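In what follows, a structure is listed as structure tokens, so that the remarks can point back to it.
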Amino acid sequence: MSRSGTLFIVSAPSGAGKTTLCEELIKTLPEVVRSVSMTTRAKRGGEVHGRDYFFVTEKQFRAKIKKNAFLEHAKVFGNYYGTPRLFVERMLRKGRDVVLTIDVQGAMKVRRNFRNKAAFIFILPPSFSELKNRLLKRSTEDHAQMALRLEIARKELACAQDYDFQVVNDTIQSAFQKLMAIVIATRCKTAREPRGGGKRRCG
Ligand code: 5GP
């Protein structure tokens, strides 16, 4: 029986490890695809256009907003980020599951339109000090950017309660197992939307 795909929304503060976990998920489950976002942020060393992000100018980004080309978009750390609408809708129609690694503002926007077709997952660091250590080790940001990311991380952690699932990334292996379990269990749900006007069929 054909089914339409499910959206998996994954949010986490910078440095909590969501990119690594989502990459593992996509490698392990071939029917899951990742949506590549568009951003106005500068490319970091090692990042590839079209693989990590579509890097565009602010003018190009604004033109896309006008064309309603985003499922959601938000300004994060002073840069714009957006999820391409057509790609996601096409994949869902084909029955593919789509992972969006987006910030809390974006997740809340998606929730308004896809509440019953999406699973919301928040990845937590084991502690705030561990998050700080990981960001320091990564050293892709200057001091001001790092301070901003930490300040926003505090606010984002407070939103974790609004997600359907929380996964603490203490070790990659155990966090990955939990993420897999969530994805598989979500797919096995009989229906994410109430059928027959919400009436129960049995009992
Ligand atoms: P980074 O610059 O570190 O790659 O990402 C910064 C933040 O932007 C992260 O929280 C990331 O999840 C979020 N982000 C990436 N793509 C999107 C997107 O398309 N929409 C929204 N709302 N956030 C995004």
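For the structure tokens, the naming scheme is as follows: chains receive sequential letters (A, B, ...) according to their order of presentation, residues are indexed from 1 within each chain, and ligands are indexed from 1 in presentation order.
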Next on the checklist: Show me, as a PyMOL selection string, the residues that have an atom within 9 Å of range 70-84 of chain A when counting only C-alpha atoms, minus same-chain residues fewer than 5 positions from it.
Outcome noted: chain A and resi 35-42+58+61+64-65+89+100+102-103+105-107+109-110+145+148-149+152
Once you have the residues from the selection above, write them out as a short mmCIF file (atom, residue, chain, number, x, y, z; two decimals), in the first residue's frame, restricted to N, CA and C atoms.
data_model
loop_
_atom_site.label_atom_id
_atom_site.label_comp_id
_atom_site.auth_asym_id
_atom_site.auth_seq_id
_atom_site.Cartn_x
_atom_site.Cartn_y
_atom_site.Cartn_z
N SER A 35 16.59 17.47 3.38
CA SER A 35 16.34 18.66 2.58
C SER A 35 17.54 19.59 2.73
N VAL A 36 18.06 20.09 1.60
CA VAL A 36 19.19 21.02 1.63
C VAL A 36 18.62 22.44 1.64
N SER A 37 18.93 23.17 2.68
CA SER A 37 18.38 24.52 2.85
C SER A 37 19.13 25.54 2.01
N MET A 38 18.48 26.68 1.86
CA MET A 38 19.13 27.82 1.20
C MET A 38 19.54 28.79 2.30
N THR A 39 20.71 29.37 2.16
CA THR A 39 21.14 30.33 3.19
C THR A 39 21.92 31.50 2.59
N THR A 40 21.89 32.61 3.33
CA THR A 40 22.71 33.77 2.94
C THR A 40 24.01 33.79 3.74
N ARG A 41 24.21 32.80 4.61
CA ARG A 41 25.44 32.75 5.41
C ARG A 41 26.64 32.44 4.50
N ALA A 42 27.82 32.94 4.90
CA ALA A 42 29.04 32.65 4.12
C ALA A 42 29.38 31.17 4.24
N GLU A 58 21.48 37.82 -0.38
CA GLU A 58 20.23 38.24 0.26
C GLU A 58 19.18 38.61 -0.80
N PHE A 61 17.68 35.50 -2.05
CA PHE A 61 16.82 34.90 -1.03
C PHE A 61 15.47 35.61 -0.98
N LYS A 64 13.17 34.60 -3.68
CA LYS A 64 12.56 33.28 -3.42
C LYS A 64 11.38 33.42 -2.44
N ILE A 65 11.53 34.31 -1.47
CA ILE A 65 10.43 34.52 -0.51
C ILE A 65 9.21 35.03 -1.27
N GLU A 89 7.89 18.80 -0.88
CA GLU A 89 6.55 18.32 -1.25
C GLU A 89 6.64 17.16 -2.25
N LEU A 100 14.34 17.60 8.03
CA LEU A 100 14.69 19.03 8.00
C LEU A 100 15.49 19.33 9.27
N ILE A 102 16.45 22.19 11.13
CA ILE A 102 16.15 23.63 11.14
C ILE A 102 16.05 24.15 12.56
N ASP A 103 16.07 25.46 12.70
CA ASP A 103 16.05 26.04 14.05
C ASP A 103 14.63 26.01 14.63
N GLN A 105 12.55 28.45 15.49
CA GLN A 105 11.55 29.32 14.84
C GLN A 105 10.96 28.62 13.61
N GLY A 106 11.84 28.02 12.80
CA GLY A 106 11.39 27.33 11.58
C GLY A 106 10.50 26.15 11.94
N ALA A 107 10.90 25.41 12.98
CA ALA A 107 10.13 24.22 13.39
C ALA A 107 8.71 24.61 13.80
N LYS A 109 7.03 27.10 12.73
CA LYS A 109 6.26 27.47 11.52
C LYS A 109 5.77 26.21 10.82
N VAL A 110 6.64 25.22 10.72
CA VAL A 110 6.25 23.97 10.05
C VAL A 110 5.11 23.31 10.83
N GLN A 145 30.44 35.60 17.39
CA GLN A 145 29.49 34.61 16.86
C GLN A 145 29.25 33.50 17.89
N LEU A 148 27.04 34.65 20.67
CA LEU A 148 25.66 34.74 20.19
C LEU A 148 25.05 33.33 20.12
N ARG A 149 25.83 32.38 19.61
CA ARG A 149 25.31 31.01 19.49
C ARG A 149 24.99 30.42 20.87
N ILE A 152 21.78 32.07 22.20
CA ILE A 152 20.59 31.52 21.53
C ILE A 152 20.35 30.07 21.96
#
Next on the checklist: Can you tell me, as JSON, numbers by chain, which residues in range 82-132 of chain A count as strand (DSSP E or B) by DSSP?
Outcome noted: {"A": [82, 83, 84, 97, 98, 99, 100, 101, 118, 119, 120, 121, 122, 123, 124]}
Checklist entry - Please, which residues of range 145-197 of chain A, numbered as in this document, come out helix (DSSP H, G or I) from DSSP, as number ranges by chain? => result A: 145-157, 160-162, 172-188, 196-197
Next on the checklist: Between CA of Val99 in chain A and CA of Asp170 in chain A, what is the distance in Å, rounded to a tenth?
Outcome noted: 21.4 Å
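Take the candidates A:Gln60, A:Asn116, A:Gln177, A:Ser129 and check each one against Gly15 in chain A using only C-alpha atoms; the shortest distance goes to A:Ser129.
The protein and nucleic acid residues lying at most 6 Å from Phe122 in chain A are A:Val10, A:Ser11, A:Ala12, A:Ala160, A:Gln166, with only C-alpha atoms considered and sequence neighbours fewer than 2 positions away removed.
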Dump as a PDB file, in the first residue's frame, selection limited to all heavy atoms:
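Dumped to result.pdb:
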ATOM      1  N   VAL A  10      14.221  18.133  12.867  1.00  0.00           N
ATOM      2  CA  VAL A  10      15.248  17.952  13.899  1.00  0.00           C
ATOM      3  C   VAL A  10      15.856  19.313  14.240  1.00  0.00           C
ATOM      4  O   VAL A  10      16.401  19.994  13.370  1.00  0.00           O
ATOM      5  CB  VAL A  10      16.352  16.978  13.424  1.00  0.00           C
ATOM      6  CG1 VAL A  10      17.387  16.772  14.517  1.00  0.00           C
ATOM      7  CG2 VAL A  10      15.743  15.637  13.005  1.00  0.00           C
ATOM      8  N   SER A  11      15.722  19.702  15.497  1.00  0.00           N
ATOM      9  CA  SER A  11      16.331  20.953  15.955  1.00  0.00           C
ATOM     10  C   SER A  11      17.287  20.650  17.095  1.00  0.00           C
ATOM     11  O   SER A  11      17.129  19.639  17.797  1.00  0.00           O
ATOM     12  CB  SER A  11      15.272  21.927  16.485  1.00  0.00           C
ATOM     13  OG  SER A  11      14.355  22.286  15.509  1.00  0.00           O
ATOM     14  N   ALA A  12      18.240  21.540  17.263  1.00  0.00           N
ATOM     15  CA  ALA A  12      19.214  21.403  18.353  1.00  0.00           C
ATOM     16  C   ALA A  12      20.027  22.670  18.407  1.00  0.00           C
ATOM     17  O   ALA A  12      20.200  23.320  17.375  1.00  0.00           O
ATOM     18  CB  ALA A  12      20.148  20.226  18.084  1.00  0.00           C
ATOM     19  N   ALA A 160      12.723  22.878  24.035  1.00  0.00           N
ATOM     20  CA  ALA A 160      12.767  21.419  23.811  1.00  0.00           C
ATOM     21  C   ALA A 160      11.466  20.741  24.249  1.00  0.00           C
ATOM     22  O   ALA A 160      11.056  19.733  23.669  1.00  0.00           O
ATOM     23  CB  ALA A 160      13.957  20.819  24.557  1.00  0.00           C
ATOM     24  N   GLN A 166      12.663  13.984  22.604  1.00  0.00           N
ATOM     25  CA  GLN A 166      13.950  14.585  22.975  1.00  0.00           C
ATOM     26  C   GLN A 166      14.995  13.484  23.005  1.00  0.00           C
ATOM     27  O   GLN A 166      14.733  12.400  23.535  1.00  0.00           O
ATOM     28  CB  GLN A 166      13.873  15.216  24.359  1.00  0.00           C
ATOM     29  CG  GLN A 166      12.983  16.436  24.409  1.00  0.00           C
ATOM     30  CD  GLN A 166      12.901  17.032  25.801  1.00  0.00           C
ATOM     31  OE1 GLN A 166      13.719  16.746  26.658  1.00  0.00           O
ATOM     32  NE2 GLN A 166      11.897  17.849  26.017  1.00  0.00           N
TER      33      GLN A 166
END
Checklist entry - Near Ala118 in chain A, within 12 Å and counting only C-alpha atoms, which residues show up once chain neighbours fewer than 4 positions away are dropped, as an MDAnalysis selection string? => result chainID A and resid 4:10 92 97:100 107:114 163:165 182:183 186:187 189 191:193
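Restricting the calculation to only C-alpha atoms and all ligand atoms, the smallest distance between ligand 1 and any of A:Thr101, A:Pro30, A:Ala69, A:Arg3 is found for A:Thr101.
Straight-line separation from CA of Val56 in chain A to CA of Glu23 in chain A: 23.0 Å.
Distance-wise, CA of Asn169 in chain A and CA of Pro125 in chain A end up 5.3 Å apart.
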